[in-house]
Every structure is written in C-alpha cells, then in structure tokens.
file final-v5.txt (compact mmCIF, C-alpha atoms and all ligand atoms)
# COMPACT_ATOMS: atom_id res chain seq x y z
CA MET K 1 -30.09 -24.21 -16.91
CA LYS K 2 -27.95 -22.64 -19.61
CA LEU K 3 -26.68 -19.11 -20.12
CA LEU K 4 -24.77 -18.00 -23.18
CA ILE K 5 -22.77 -14.76 -23.10
CA LYS K 6 -22.29 -13.72 -26.71
CA GLY K 7 -20.19 -11.21 -28.58
CA GLY K 8 -18.05 -9.82 -25.75
CA ARG K 9 -14.34 -9.20 -25.33
CA LEU K 10 -13.16 -11.88 -22.93
CA VAL K 11 -10.36 -10.66 -20.68
CA ASP K 12 -9.21 -13.61 -18.62
CA PRO K 13 -5.55 -13.46 -17.56
CA SER K 14 -5.85 -16.98 -16.08
CA GLN K 15 -5.98 -18.25 -19.68
CA ASN K 16 -3.86 -15.46 -21.18
CA LEU K 17 -6.91 -14.40 -23.13
CA ASP K 18 -7.93 -10.99 -24.38
CA ALA K 19 -10.05 -11.78 -27.42
CA ALA K 20 -13.59 -12.02 -28.78
CA ARG K 21 -15.12 -15.12 -27.21
CA ASP K 22 -18.53 -16.52 -26.28
CA ILE K 23 -19.02 -18.31 -22.98
CA LEU K 24 -21.57 -20.98 -22.18
CA ILE K 25 -22.51 -21.61 -18.56
CA GLU K 26 -24.38 -24.79 -17.79
CA ASP K 27 -25.58 -25.86 -14.33
CA GLY K 28 -23.54 -23.10 -12.73
CA LEU K 29 -20.23 -24.01 -14.36
CA VAL K 30 -18.37 -22.79 -17.43
CA ALA K 31 -19.21 -25.43 -20.05
CA ALA K 32 -17.55 -23.95 -23.14
CA VAL K 33 -15.48 -20.98 -24.31
CA GLY K 34 -15.31 -20.44 -28.05
CA GLU K 35 -15.18 -17.99 -30.93
CA THR K 36 -18.82 -18.61 -31.85
CA LEU K 37 -21.06 -20.72 -29.69
CA THR K 38 -24.68 -21.31 -30.60
CA ALA K 39 -27.66 -21.42 -28.30
CA ASP K 40 -30.36 -24.06 -28.27
CA ALA K 41 -34.00 -23.33 -27.43
CA ASP K 42 -33.67 -23.50 -23.65
CA THR K 43 -30.60 -21.25 -23.41
CA GLN K 44 -30.80 -17.72 -22.02
CA VAL K 45 -28.65 -15.45 -24.18
CA VAL K 46 -26.86 -12.34 -22.93
CA ASP K 47 -25.66 -9.90 -25.58
CA ALA K 48 -22.22 -8.67 -24.53
CA THR K 49 -21.45 -6.68 -27.66
CA GLY K 50 -19.18 -3.75 -26.79
CA LEU K 51 -18.58 -5.07 -23.28
CA VAL K 52 -15.66 -6.66 -21.48
CA VAL K 53 -16.41 -10.12 -20.10
CA ALA K 54 -14.17 -11.12 -17.20
CA PRO K 55 -14.02 -13.56 -14.31
CA GLY K 56 -16.18 -12.13 -11.50
CA LEU K 57 -14.26 -9.84 -9.17
CA VAL K 58 -12.87 -11.32 -5.95
CA ASP K 59 -12.49 -9.19 -2.82
CA LEU K 60 -10.29 -10.74 -0.15
CA HIS K 61 -11.12 -8.13 2.47
CA VAL K 62 -14.61 -7.03 3.45
CA HIS K 63 -16.67 -6.68 6.64
CA LEU K 64 -20.22 -8.04 6.54
CA ARG K 65 -20.98 -7.37 10.24
CA GLU K 66 -23.20 -10.46 10.60
CA PRO K 67 -23.56 -11.79 13.23
CA GLY K 68 -24.14 -9.07 15.74
CA GLN K 69 -23.98 -5.71 14.01
CA GLU K 70 -26.67 -5.96 11.38
CA ALA K 71 -27.49 -2.26 11.73
CA LYS K 72 -24.22 -1.68 9.86
CA GLU K 73 -24.59 -4.50 7.28
CA ASP K 74 -25.71 -8.10 6.93
CA ILE K 75 -25.18 -10.97 4.53
CA VAL K 76 -28.02 -9.83 2.25
CA THR K 77 -27.13 -6.13 2.03
CA GLY K 78 -23.39 -6.85 1.86
CA THR K 79 -23.72 -9.35 -0.98
CA LYS K 80 -26.15 -7.05 -2.80
CA ALA K 81 -23.44 -4.38 -2.64
CA ALA K 82 -20.92 -6.95 -3.87
CA VAL K 83 -22.85 -7.95 -6.99
CA ALA K 84 -23.78 -4.31 -7.64
CA GLY K 85 -20.05 -3.62 -7.84
CA GLY K 86 -19.17 -6.62 -10.03
CA PHE K 87 -17.88 -8.87 -7.21
CA THR K 88 -18.88 -12.52 -7.28
CA THR K 89 -16.70 -13.73 -4.38
CA ILE K 90 -16.04 -11.87 -1.16
CA VAL K 91 -14.12 -12.76 1.98
CA PRO K 92 -15.44 -11.18 5.18
CA MET K 93 -13.17 -10.71 8.18
CA ALA K 94 -13.76 -12.30 11.56
CA ASN K 95 -14.35 -9.16 13.67
CA THR K 96 -18.09 -9.71 14.07
CA ARG K 97 -19.98 -10.03 17.41
CA PRO K 98 -19.34 -12.77 18.39
CA ILE K 99 -15.98 -13.12 16.73
CA VAL K 100 -15.66 -15.94 14.18
CA ASP K 101 -13.37 -18.02 16.37
CA SER K 102 -14.93 -21.49 16.46
CA ALA K 103 -16.22 -24.13 14.07
CA ILE K 104 -19.81 -23.72 15.24
CA ILE K 105 -19.82 -20.07 14.20
CA VAL K 106 -18.23 -20.91 10.85
CA SER K 107 -20.83 -23.58 10.12
CA GLY K 108 -23.72 -21.41 11.33
CA LEU K 109 -22.60 -18.58 9.08
CA LYS K 110 -22.10 -20.93 6.15
CA GLU K 111 -25.64 -22.12 6.54
CA ARG K 112 -27.02 -18.56 6.46
CA ILE K 113 -24.78 -17.71 3.53
CA SER K 114 -26.06 -20.69 1.55
CA ARG K 115 -29.63 -19.44 2.08
CA GLU K 116 -29.21 -15.69 1.80
CA ALA K 117 -26.09 -14.61 -0.04
CA LEU K 118 -26.28 -13.28 -3.58
CA ALA K 119 -22.55 -13.75 -4.10
CA GLU K 120 -20.10 -16.42 -2.99
CA VAL K 121 -18.82 -15.75 0.53
CA MET K 122 -15.69 -17.44 1.89
CA LEU K 123 -15.01 -17.14 5.59
CA VAL K 124 -11.99 -16.04 7.58
CA GLY K 125 -11.62 -17.29 11.16
CA SER K 126 -9.85 -15.30 13.84
CA VAL K 127 -6.28 -16.06 14.93
CA THR K 128 -7.04 -15.56 18.63
CA LYS K 129 -10.16 -16.24 20.66
CA GLY K 130 -12.37 -13.18 20.79
CA LEU K 131 -9.52 -11.27 19.07
CA ASN K 132 -8.02 -11.14 22.56
CA GLY K 133 -4.45 -11.61 21.36
CA GLU K 134 -3.87 -14.19 24.10
CA GLU K 135 -5.13 -17.62 23.12
CA LEU K 136 -5.29 -19.26 19.70
CA SER K 137 -8.71 -19.90 18.16
CA GLU K 138 -9.89 -23.29 16.97
CA MET K 139 -8.11 -22.85 13.66
CA GLY K 140 -7.95 -26.53 12.74
CA ASP K 141 -11.66 -27.05 13.34
CA MET K 142 -12.54 -23.89 11.49
CA ALA K 143 -10.39 -24.92 8.51
CA GLU K 144 -12.19 -28.26 8.47
CA HIS K 145 -15.51 -26.43 8.35
CA GLY K 146 -14.48 -24.20 5.48
CA ALA K 147 -12.49 -21.20 6.80
CA VAL K 148 -10.08 -20.19 4.03
CA ALA K 149 -7.66 -18.08 6.11
CA PHE K 150 -7.18 -16.65 9.61
CA SER K 151 -6.91 -13.09 10.80
CA ASP K 152 -7.38 -10.79 13.78
CA ASP K 153 -8.04 -8.01 11.27
CA GLY K 154 -8.67 -4.73 13.04
CA ARG K 155 -6.00 -5.64 15.59
CA PHE K 156 -2.32 -6.49 15.49
CA VAL K 157 -1.37 -9.72 17.27
CA GLU K 158 1.26 -8.18 19.54
CA ASN K 159 2.54 -11.38 21.12
CA SER K 160 5.26 -12.58 18.71
CA ARG K 161 5.42 -16.04 20.23
CA LEU K 162 1.68 -16.53 19.76
CA PHE K 163 1.81 -15.17 16.22
CA ARG K 164 4.61 -17.58 15.38
CA SER K 165 2.52 -20.47 16.73
CA ALA K 166 -0.42 -19.28 14.63
CA LEU K 167 1.72 -19.32 11.49
CA GLU K 168 3.06 -22.80 12.28
CA TYR K 169 -0.39 -24.11 13.05
CA ALA K 170 -2.12 -22.63 9.98
CA SER K 171 0.60 -23.96 7.70
CA MET K 172 -0.27 -27.48 8.84
CA PHE K 173 -3.50 -27.16 6.88
CA ASN K 174 -2.09 -24.91 4.16
CA LYS K 175 -4.00 -21.78 5.14
CA PRO K 176 -2.61 -18.25 5.16
CA ILE K 177 -2.50 -15.99 8.19
CA ILE K 178 -3.61 -12.48 7.28
CA SER K 179 -1.87 -9.83 9.33
CA HIS K 180 -3.24 -6.45 10.32
CA ALA K 181 0.17 -4.90 10.69
CA GLU K 182 0.43 -1.89 12.95
CA ASP K 183 2.52 -1.49 16.09
CA PRO K 184 -0.10 -0.09 18.48
CA THR K 185 2.49 1.37 20.82
CA LEU K 186 3.77 3.59 18.02
CA ALA K 187 0.36 4.32 16.58
CA GLY K 188 -0.66 5.52 20.04
CA ASP K 189 -3.84 7.54 20.00
CA GLY K 190 -3.25 8.88 16.51
CA TYR K 191 -6.12 8.80 14.09
CA MET K 192 -4.70 9.96 10.77
CA HIS K 193 -1.38 9.64 8.93
CA GLU K 194 1.44 11.52 10.68
CA GLY K 195 2.82 14.18 8.38
CA ALA K 196 2.41 17.74 7.15
CA VAL K 197 -1.39 17.44 6.90
CA SER K 198 -1.85 16.06 10.43
CA ALA K 199 0.39 18.85 11.76
CA ARG K 200 -1.68 21.46 9.92
CA LEU K 201 -4.98 20.02 11.13
CA GLY K 202 -3.75 19.46 14.68
CA ILE K 203 -4.75 15.79 14.60
CA PRO K 204 -2.46 13.28 16.38
CA GLY K 205 -0.70 11.23 13.72
CA ILE K 206 0.03 7.54 13.14
CA PRO K 207 3.58 7.28 11.79
CA ALA K 208 4.15 5.11 8.72
CA VAL K 209 6.93 3.32 10.59
CA ALA K 210 4.29 1.80 12.92
CA GLU K 211 3.19 -0.28 9.93
CA ASP K 212 6.73 -0.92 8.66
CA ILE K 213 7.84 -2.38 12.00
CA ALA K 214 4.84 -4.69 12.23
CA VAL K 215 5.23 -5.90 8.64
CA ALA K 216 8.94 -6.53 9.23
CA ARG K 217 8.19 -8.69 12.29
CA ASP K 218 5.48 -10.65 10.52
CA VAL K 219 7.63 -11.22 7.44
CA LEU K 220 10.53 -12.44 9.60
CA LEU K 221 8.23 -14.88 11.39
CA ALA K 222 6.90 -16.12 8.05
CA GLU K 223 10.49 -16.66 6.94
CA ASN K 224 11.29 -18.39 10.21
CA THR K 225 8.32 -20.78 9.99
CA GLY K 226 7.99 -21.21 6.22
CA ALA K 227 4.29 -20.41 6.60
CA HIS K 228 2.15 -18.32 4.24
CA LEU K 229 1.71 -14.75 5.48
CA HIS K 230 -0.73 -12.45 3.73
CA VAL K 231 -0.33 -8.78 4.63
CA ALA K 232 -3.63 -6.93 4.73
CA HIS K 233 -4.17 -3.37 3.44
CA VAL K 234 -0.52 -2.40 2.90
CA SER K 235 -0.35 1.39 3.04
CA THR K 236 3.30 2.45 3.40
CA LYS K 237 6.34 2.74 1.18
CA GLY K 238 8.44 0.96 3.82
CA ALA K 239 6.08 -2.02 4.00
CA VAL K 240 6.13 -2.38 0.20
CA GLU K 241 9.92 -2.48 0.25
CA ILE K 242 10.06 -5.02 3.10
CA ILE K 243 7.64 -7.31 1.23
CA ARG K 244 9.52 -6.82 -2.05
CA GLN K 245 12.81 -7.88 -0.45
CA ALA K 246 11.17 -10.81 1.35
CA LYS K 247 9.71 -12.10 -1.90
CA LYS K 248 13.16 -11.92 -3.46
CA ARG K 249 14.45 -14.11 -0.62
CA GLY K 250 11.69 -16.63 -1.31
CA VAL K 251 9.57 -15.89 1.77
CA LYS K 252 5.99 -17.12 1.31
CA VAL K 253 4.39 -13.71 1.61
CA THR K 254 1.52 -12.20 -0.37
CA ALA K 255 -0.02 -8.77 0.06
CA GLU K 256 -2.97 -6.60 -0.82
CA ALA K 257 -3.61 -2.88 -1.21
CA ALA K 258 -6.92 -1.10 -0.74
CA VAL K 259 -8.56 0.97 -3.46
CA HIS K 260 -8.48 4.06 -1.23
CA HIS K 261 -4.78 3.73 -0.39
CA LEU K 262 -4.04 3.53 -4.11
CA THR K 263 -6.14 6.52 -5.08
CA LEU K 264 -6.41 9.02 -2.19
CA THR K 265 -3.96 10.91 -0.01
CA ASP K 266 -4.20 12.32 3.51
CA GLU K 267 -5.19 15.67 1.92
CA ALA K 268 -8.68 14.13 1.69
CA VAL K 269 -8.91 14.41 5.50
CA SER K 270 -8.57 18.21 5.35
CA GLY K 271 -12.33 18.76 5.49
CA PHE K 272 -12.57 16.58 8.63
CA SER K 273 -15.08 14.31 6.89
CA THR K 274 -15.45 11.10 8.89
CA ALA K 275 -15.87 9.33 5.53
CA THR K 276 -12.09 9.64 5.15
CA LYS K 277 -11.25 8.02 8.49
CA VAL K 278 -9.87 4.53 8.07
CA ALA K 279 -7.30 2.13 9.49
CA PRO K 280 -4.61 2.12 8.24
CA PRO K 281 -5.03 5.83 7.49
CA LEU K 282 -4.88 7.55 4.11
CA ARG K 283 -1.20 8.35 3.54
CA SER K 284 0.80 11.01 1.69
CA SER K 285 1.48 10.88 -2.05
CA GLU K 286 4.94 9.25 -1.75
CA HIS K 287 3.24 6.24 -0.14
CA VAL K 288 0.49 6.15 -2.78
CA GLN K 289 3.16 6.19 -5.48
CA ALA K 290 5.10 3.36 -3.78
CA LEU K 291 1.93 1.26 -3.56
CA ARG K 292 1.31 1.70 -7.28
CA GLU K 293 4.90 0.67 -8.02
CA GLY K 294 4.44 -2.36 -5.77
CA LEU K 295 1.26 -3.29 -7.58
CA LYS K 296 3.03 -2.96 -10.92
CA ASP K 297 6.06 -5.10 -10.08
CA GLY K 298 4.05 -7.85 -8.36
CA THR K 299 5.04 -7.04 -4.77
CA LEU K 300 1.34 -6.42 -4.10
CA ASN K 301 -0.83 -9.24 -5.39
CA ALA K 302 -4.37 -8.00 -4.94
CA ILE K 303 -6.54 -4.91 -4.86
CA ILE K 304 -9.14 -5.09 -2.08
CA THR K 305 -11.88 -2.78 -0.81
CA ASP K 306 -11.72 -3.23 2.99
CA HIS K 307 -15.46 -2.53 2.70
CA ALA K 308 -16.15 -1.49 6.31
CA PRO K 309 -19.75 -0.27 6.67
CA HIS K 310 -20.90 1.62 9.75
CA ALA K 311 -24.32 2.97 10.70
CA PHE K 312 -24.99 6.58 9.68
CA GLU K 313 -25.20 7.85 13.26
CA GLU K 314 -21.83 6.27 14.16
CA LYS K 315 -20.08 8.23 11.43
CA ASP K 316 -22.16 11.38 12.04
CA VAL K 317 -19.93 12.54 14.92
CA GLU K 318 -16.76 14.58 15.39
CA PHE K 319 -13.80 13.16 13.43
CA ARG K 320 -11.94 11.82 16.44
CA TYR K 321 -14.94 9.83 17.74
CA ALA K 322 -15.92 8.20 14.44
CA PRO K 323 -15.13 4.51 13.85
CA ASN K 324 -12.58 3.61 11.19
CA GLY K 325 -13.73 2.50 7.78
CA PHE K 326 -16.19 3.17 4.98
CA CYS K 327 -17.89 1.16 2.28
CA GLY K 328 -16.14 0.27 -0.95
CA LEU K 329 -17.75 -2.58 -2.86
CA GLU K 330 -19.87 -0.38 -5.11
CA THR K 331 -17.17 2.16 -5.96
CA ALA K 332 -14.04 -0.02 -6.30
CA LEU K 333 -14.16 -0.97 -9.97
CA GLY K 334 -15.19 2.48 -11.22
CA VAL K 335 -12.52 4.22 -9.16
CA ILE K 336 -9.78 1.78 -10.21
CA LEU K 337 -10.71 1.94 -13.90
CA THR K 338 -10.80 5.74 -13.74
CA GLU K 339 -7.57 6.22 -11.81
CA LEU K 340 -5.38 3.29 -12.90
CA TYR K 341 -6.70 2.11 -16.27
CA HIS K 342 -7.97 5.16 -18.16
CA THR K 343 -4.82 7.03 -17.10
CA GLY K 344 -2.76 4.43 -18.99
CA GLU K 345 -0.90 3.28 -15.87
CA PHE K 346 -2.27 -0.29 -15.84
CA SER K 347 -3.64 -2.53 -18.57
CA LEU K 348 -7.05 -4.14 -18.29
CA SER K 349 -5.43 -7.57 -17.89
CA GLU K 350 -3.41 -6.22 -14.97
CA ILE K 351 -6.54 -4.81 -13.32
CA ILE K 352 -8.53 -8.05 -13.77
CA GLY K 353 -5.46 -9.93 -12.56
CA LYS K 354 -5.30 -7.92 -9.32
CA MET K 355 -9.06 -7.84 -8.72
CA SER K 356 -9.93 -11.43 -9.61
CA VAL K 357 -7.29 -13.91 -10.78
CA GLU K 358 -4.51 -13.33 -8.22
CA PRO K 359 -6.71 -12.88 -5.14
CA ALA K 360 -8.50 -16.14 -5.94
CA HIS K 361 -5.17 -17.86 -6.42
CA ILE K 362 -3.54 -16.74 -3.17
CA PHE K 363 -6.44 -17.96 -1.01
CA SER K 364 -6.91 -21.08 -3.22
CA LEU K 365 -10.49 -20.10 -4.04
CA LYS K 366 -12.47 -21.69 -6.83
CA ALA K 367 -12.83 -18.35 -8.59
CA GLY K 368 -10.92 -15.90 -10.72
CA SER K 369 -10.97 -17.89 -13.94
CA LEU K 370 -13.40 -18.69 -16.74
CA LYS K 371 -11.71 -21.91 -17.78
CA VAL K 372 -14.08 -24.76 -18.60
CA GLY K 373 -15.21 -26.43 -15.37
CA MET K 374 -14.81 -23.31 -13.19
CA PRO K 375 -17.85 -21.72 -11.50
CA GLY K 376 -19.86 -19.54 -13.88
CA ASN K 377 -19.00 -16.32 -12.04
CA VAL K 378 -18.74 -13.48 -14.52
CA VAL K 379 -18.68 -9.69 -14.62
CA LEU K 380 -19.60 -7.68 -17.71
CA ILE K 381 -17.94 -4.28 -17.77
CA ASP K 382 -18.74 -1.19 -19.80
CA LEU K 383 -15.31 0.45 -19.86
CA ASN K 384 -16.56 3.82 -20.98
CA LYS K 385 -19.72 4.20 -18.97
CA GLU K 386 -19.63 7.58 -17.23
CA TRP K 387 -21.22 7.77 -13.81
CA THR K 388 -21.09 9.70 -10.57
CA VAL K 389 -20.78 8.18 -7.10
CA LYS K 390 -23.96 8.87 -5.13
CA LYS K 391 -24.34 7.18 -1.79
CA GLU K 392 -28.13 7.28 -2.02
CA ASN K 393 -27.81 4.69 -4.82
CA PHE K 394 -25.80 2.22 -2.68
CA TYR K 395 -27.18 -1.16 -1.68
CA THR K 396 -24.85 -1.31 1.34
CA ARG K 397 -26.17 -0.01 4.65
CA GLY K 398 -22.90 1.82 5.26
CA LYS K 399 -23.32 4.98 3.24
CA ALA K 400 -20.03 6.66 4.16
CA THR K 401 -17.68 6.98 1.18
CA PRO K 402 -14.72 9.27 0.51
CA TYR K 403 -15.69 9.20 -3.19
CA GLU K 404 -19.10 10.90 -2.93
CA GLY K 405 -19.61 13.02 -6.08
CA LYS K 406 -16.61 11.49 -7.87
CA HIS K 407 -17.00 11.22 -11.61
CA CYS K 408 -16.01 7.73 -12.79
CA ARG K 409 -15.47 6.12 -16.17
CA GLY K 410 -16.13 2.36 -16.33
CA GLN K 411 -18.60 0.24 -14.41
CA ALA K 412 -19.86 -3.31 -14.01
CA VAL K 413 -23.15 -3.61 -15.92
CA MET K 414 -23.91 -7.27 -15.25
CA THR K 415 -22.84 -9.71 -12.53
CA ILE K 416 -23.45 -13.43 -12.92
CA VAL K 417 -23.00 -15.83 -9.99
CA ARG K 418 -23.03 -19.57 -10.75
CA GLY K 419 -24.92 -18.85 -13.96
CA ASN K 420 -27.55 -16.65 -12.27
CA VAL K 421 -27.83 -13.00 -13.28
CA ARG K 422 -27.47 -11.17 -9.96
CA MET K 423 -27.12 -7.61 -11.23
CA LYS K 424 -28.17 -6.02 -14.50
CA ASP K 425 -27.65 -2.35 -15.38
CA GLY K 426 -27.10 -1.44 -11.75
CA GLU K 427 -30.21 -3.23 -10.47
CA VAL K 428 -29.65 -6.19 -8.16
CA CYS K 429 -31.82 -9.17 -9.11
CA VAL K 430 -33.01 -11.06 -6.04
CA GLY K 431 -34.09 -14.70 -6.33
CA LYS K 432 -33.19 -17.29 -8.92
CA GLN K 433 -33.16 -15.81 -12.40
CA ASN K 434 -32.92 -18.89 -14.55
O1 LIG K 501 -10.97 0.99 8.76
C1 LIG K 501 -11.07 -0.14 9.22
N1 LIG K 501 -12.25 -0.64 9.58
N2 LIG K 501 -9.97 -0.87 9.39
C2 LIG K 501 -9.98 -2.04 10.04
O2 LIG K 501 -8.96 -2.65 10.15
C3 LIG K 501 -11.23 -2.56 10.63
C4 LIG K 501 -12.39 -2.02 9.91
C5 LIG K 501 -13.70 -2.28 10.59
O3 LIG K 501 -13.97 -3.40 11.03
O4 LIG K 501 -14.53 -1.34 10.63
call {"tool": "encode", "arguments": {"input": "final-v5.txt", "output": "structure tokens", "more": "lines below"}}
Ligand code: DOR
result
Amino acid sequence: MKLLIKGGRLVDPSQNLDAARDILIEDGLVAAVGETLTADADTQVVDATGLVVAPGLVDLHVHLREPGQEAKEDIVTGTKAAVAGGFTTIVPMANTRPIVDSAIIVSGLKERISREALAEVMLVGSVTKGLNGEELSEMGDMAEHGAVAFSDDGRFVENSRLFRSALEYASMFNKPIISHAEDPTLAGDGYMHEGAVSARLGIPGIPAVAEDIAVARDVLLAENTGAHLHVAHVSTKGAVEIIRQAKKRGVKVTAEAAVHHLTLTDEAVSGFSTATKVAPPLRSSEHVQALREGLKDGTLNAIITDHAPHAFEEKDVEFRYAPNGFCGLETALGVILTELYHTGEFSLSEIIGKMSVEPAHIFSLKAGSLKVGMPGNVVLIDLNKEWTVKKENFYTRGKATPYEGKHCRGQAVMTIVRGNVRMKDGEVCVGKQN
C-alpha cells in the first residue's frame, strides 16, 4: 500500500521545512521525503501542485459524546467532521455518560475507535470519579490502557488538596493534567463575559478574574509538585500573563487557546444567538488581543477547537437555558487562515506549528510531523480557496456555529490518515481507500 504526494509545498515546522517536496507513504508510515520521488506501478499518486502539504492537524480538545449522548455526536460523525476539517488526530474529553474514569471504559472506547474512527483518537481520562470533584479516578490504570492525559473538563476541580494529589499522581506516569480553570464561586450564575456588553444585554456576567484566580492556583500547584499542567481554553488576558510568568520561572505548564476566543468577541452575543454561548465565554477585544500576543510569544502552545456539539433542540431555546458549546472541527482551519494568516499576523509555519506540531509534542502523541517513520497523517491545504460556512454542509451532528455565513479564505482539500485518503475536496471517504 503506497501513496505518493507529488508537487506540493511541504510546510513541516518539525523539520524546519517550507519547500517543494514529495512524500511517499508506505504501509501507513512516511517512507521517504524528497525533492523528486518516483512512483512504481502499484503506487497511488496524489497531485499536490499548488497546494500546501502539512502534517495532519491535531486537536487536543474536542467532545465526541460517545458513550451516552450519541444524539449530539458519536465516534463516526465526530471523526468525519475531523477529517473534513483537516484533522487527523483528535483528543476527546472525558465528560461523556458514563464519564471516562476507569480502565474498562478506556479500553471499550479504544476498541470502538479502532473499528469506527476515520481519524486517530487519543483518549483523556477524568481526574475525579464521575467528575464529582471528590475522589481520584483510576488514573494509573487508565494511563496503562492508553489515556494520554487527565481532565475534569467542563468543571473546575475545586478541592486544592485533591488537585495537588492528581498532579503528583499523573506525573508518576508522565501524563499532563488538563485544567478547566474557572472559580465557580466567582462565575456564579453568569452565562456570558462580564463587561459592557453583558451590562447592555442585561445578562449576568462571568468576570475574567474567575479564570485568572483558577489558573493562578493551578500554576502554583504545578510549580509546587513539578508536574505538567496543561491549561485548557485560556480566554483571559490575566491568565495569559500568569502562564507567561510561570513559564519564565520554569514551571512545567503548557496552554491552549480556542479558535473562537482568538477570533470573536462578546459583541457576537448581542443577537442572543445560542450558537455564541460557550464556556469559557467569548471575551472583549482586549482579551482577544492578549491571547494573540500569547500565541505569538509562545505562552500559548496550541490552537484547539473545543468542538462541543449539542442536539439542535437543546440549542433551540432561550439563551440562558442553552448548553455551552458549539461545533468547531469543520470551521477551525478556514477561520484561522482567514483571521490570523491572510491578515499577515502569523506565518503559515506558525499556524501549522500551533495546530499540529506543538499540540502533538505536548501530549507526546505520535503525530504532528512528516519525518520518515512517522504515521502518514497529512493535510493538503488550498490557501486561497474561498468558501462560506454553511452548517447544512457539516458532517458533525452539532450544527450550532457562531461562524454561520462567514466568508473564509483557505481550506483543507484532502486529509490522509495512515496513508488512507479520508477526505477529498470536502467529501469524506468512508472505508479503506487503498
Ligand atoms: O462550552 C463548553 N462546552 N465548554 C466546556 O467546558 C464543556 C463543553 C461541553 O461539554 O459541551
């Protein structure tokens, strides 16, 4: 089984490469990278002329909803959405029903993933049993069965003593703890960012300092234990600064920012569309600016989607009753290229670095690089393709998006997973292709 990608511009920051290169994938792995590679009779050839060829995108933060909430999403629809958006590796959070808090659930899910997933899926186990914030999950067992990190995403672990134990424990098997950092006592019953817009709309606000306080505690505990803390969906200026200073002190902390927090402000909530309701909430422009600065100077390591699909009828309610979150896998690359690359703010290497190379590196995933011997996970990108976000074209079950109708420039046009073409020109290819 051989696949040769010919004539493209290879952008692979893991090898410091931005140059014309061909890539040969054999038996699912990168077999050769060279200026001109030739195909033999049994090789499938992909013409990448005019296209960027990059390591497949890696999303460290998605929700697949399986098991238990398949009306929102499942492994098949979620990984279809992933490959449609150029992602070859995704990391779903543990807040399913039941929660991913034991080895048996990790192995059961892995089995389903191996049969059904169109992309690579790496699992996160919960920090506490049932996300109850009271008792640690079977982290050691889950790590042994393949969990790559631990998180109570969706909830802050309020008990500092327990969170410190979690950090100590996870560091024994070199796994990061991902924190969902928000002090719930300060967030109260707010459901958008606290500021001028929330005051105007009469919606109770969540102050930015609720996130800052939680990030500060988590960073201090990481410093205290020497463990690896990964801060999920950073959304405030204060959190960026706390992480920046911690990194300077040598604390083992990494962090991610979501596409929506980098590209939208709380003004988007003005129309009361439930497709703009998310946790943490969309913030004001000074926070968006601080996130971009953090991304630029390396304080923030990864761009993630926080793809959080919900059923149509759950979002089709008054703003205050709607669940947090919306889908993001199929819009992420187009939005980021439009807003951060075509504006001249970030180079293509920086974007591929933040959406593939660095995320793979911080969770020690076998991904994010097209060096010889790495998995043949590739995305082909047409940088100038113009397209408009239309939810009716999504593969995900969760149709809510704050980007509906947005005009984008740049899109993934082919996604290859372990040498199999999984998406071509926007169409997901189910089943083995070659
Ligand atoms: O908006 C969100 N949705 N934020 C979270 O932290 C959880 C997520 C979900 O599971 O729907």
call {"tool": "axis_aligned_box", "arguments": {"input": "final-v5.txt", "around": "ligand LIG 501 (chain K)", "padding_each_side": "4 Å", "output": "JSON"}}
result
{"center_x": -11.7, "center_y": -1.2, "center_z": 9.9, "size_x": 13.6, "size_y": 12.4, "size_z": 10.3}
call {"tool": "residues_near_ligand", "arguments": {"input": "final-v5.txt", "ligand": "ligand LIG 501 (chain K)", "cutoff": "6 Å", "atoms": "only C-alpha atoms and all ligand atoms", "output": "PyMOL selection string"}}
result
chain K and resi 153-154+278-279+308+324-325
call {"tool": "residues_around", "arguments": {"input": "final-v5.txt", "residues": "region 396-412 of chain K", "least_positions_apart": "3", "cutoff": "6 Å", "atoms": "all atoms listed in the file", "output": "ChimeraX atom specification"}}
result
/K:72-73,77-78,81,86,275-276,309-311,326-327,334,337-338,380-391
call {"tool": "closest_residue", "arguments": {"input": "final-v5.txt", "among": "K:Ala322, K:Val428, K:Leu262, K:Leu282", "to": "Asn393 (chain K)", "atoms": "only C-alpha atoms"}}
result
K:Val428
call {"tool": "closest_atom_pairs", "arguments": {"input": "final-v5.txt", "of": "region 27-78 of chain K", "to": "region 95-105 of chain K", "cutoff": "10 Å", "atoms": "only C-alpha atoms", "output": "JSON lines"}}
result
{"residue": "K:His63", "atom": "CA", "partner": "K:Asn95", "partner_atom": "CA", "distance": 7.8}
{"residue": "K:Leu64", "atom": "CA", "partner": "K:Thr96", "partner_atom": "CA", "distance": 8.0}
{"residue": "K:Arg65", "atom": "CA", "partner": "K:Thr96", "partner_atom": "CA", "distance": 5.3}
{"residue": "K:Glu66", "atom": "CA", "partner": "K:Thr96", "partner_atom": "CA", "distance": 6.2}
{"residue": "K:Pro67", "atom": "CA", "partner": "K:Arg97", "partner_atom": "CA", "distance": 5.8}
{"residue": "K:Gly68", "atom": "CA", "partner": "K:Arg97", "partner_atom": "CA", "distance": 4.6}
{"residue": "K:Gln69", "atom": "CA", "partner": "K:Arg97", "partner_atom": "CA", "distance": 6.8}
{"residue": "K:Glu70", "atom": "CA", "partner": "K:Thr96", "partner_atom": "CA", "distance": 9.7}
call {"tool": "residues_around", "arguments": {"input": "final-v5.txt", "residues": "Lys237 (chain K)", "least_positions_apart": "4", "cutoff": "12 Å", "atoms": "only C-alpha atoms", "output": "number ranges by chain"}}
result
K: 207-212, 215, 241-244, 257, 261-262, 283-295, 299-300
call {"tool": "closest_residue", "arguments": {"input": "final-v5.txt", "among": "K:Ser165, K:Thr38, K:Ser151, K:Ser171", "to": "Val231 (chain K)", "atoms": "only C-alpha atoms"}}
result
K:Ser151
call {"tool": "closest_atom_pairs", "arguments": {"input": "final-v5.txt", "of": "region 26-97 of chain K", "to": "region 359-367 of chain K", "cutoff": "12 Å", "atoms": "only C-alpha atoms", "output": "tab-separated table"}}
result
residue	atom	partner	partner_atom	distance
K:Leu29	CA	K:Ala367	CA	11.0
K:Val30	CA	K:Ala367	CA	11.3
K:Ala54	CA	K:Ala367	CA	11.3
K:Pro55	CA	K:Ala367	CA	7.6
K:Gly56	CA	K:Ala367	CA	7.6
K:Leu57	CA	K:Ala367	CA	8.6
K:Val58	CA	K:Pro359	CA	6.4
K:Asp59	CA	K:Pro359	CA	7.2
K:Leu60	CA	K:Pro359	CA	6.5
K:His61	CA	K:Pro359	CA	10.0
K:Phe87	CA	K:Ala367	CA	10.8
K:Thr88	CA	K:Ala367	CA	8.5
K:Thr89	CA	K:Ala367	CA	7.4
K:Ile90	CA	K:Ala360	CA	9.9
K:Val91	CA	K:Phe363	CA	9.7
call {"tool": "write_last_selection", "arguments": {"input": "final-v5.txt", "atoms": "C-alpha atoms", "output": "compact mmCIF listing (two decimals), in the coordinates of the input"}}
result
# COMPACT_ATOMS: atom_id res chain seq x y z
CA LEU K 29 -20.23 -24.01 -14.36
CA VAL K 30 -18.37 -22.79 -17.43
CA ALA K 54 -14.17 -11.12 -17.20
CA PRO K 55 -14.02 -13.56 -14.31
CA GLY K 56 -16.18 -12.13 -11.50
CA LEU K 57 -14.26 -9.84 -9.17
CA VAL K 58 -12.87 -11.32 -5.95
CA ASP K 59 -12.49 -9.19 -2.82
CA LEU K 60 -10.29 -10.74 -0.15
CA HIS K 61 -11.12 -8.13 2.47
CA PHE K 87 -17.88 -8.87 -7.21
CA THR K 88 -18.88 -12.52 -7.28
CA THR K 89 -16.70 -13.73 -4.38
CA ILE K 90 -16.04 -11.87 -1.16
CA VAL K 91 -14.12 -12.76 1.98
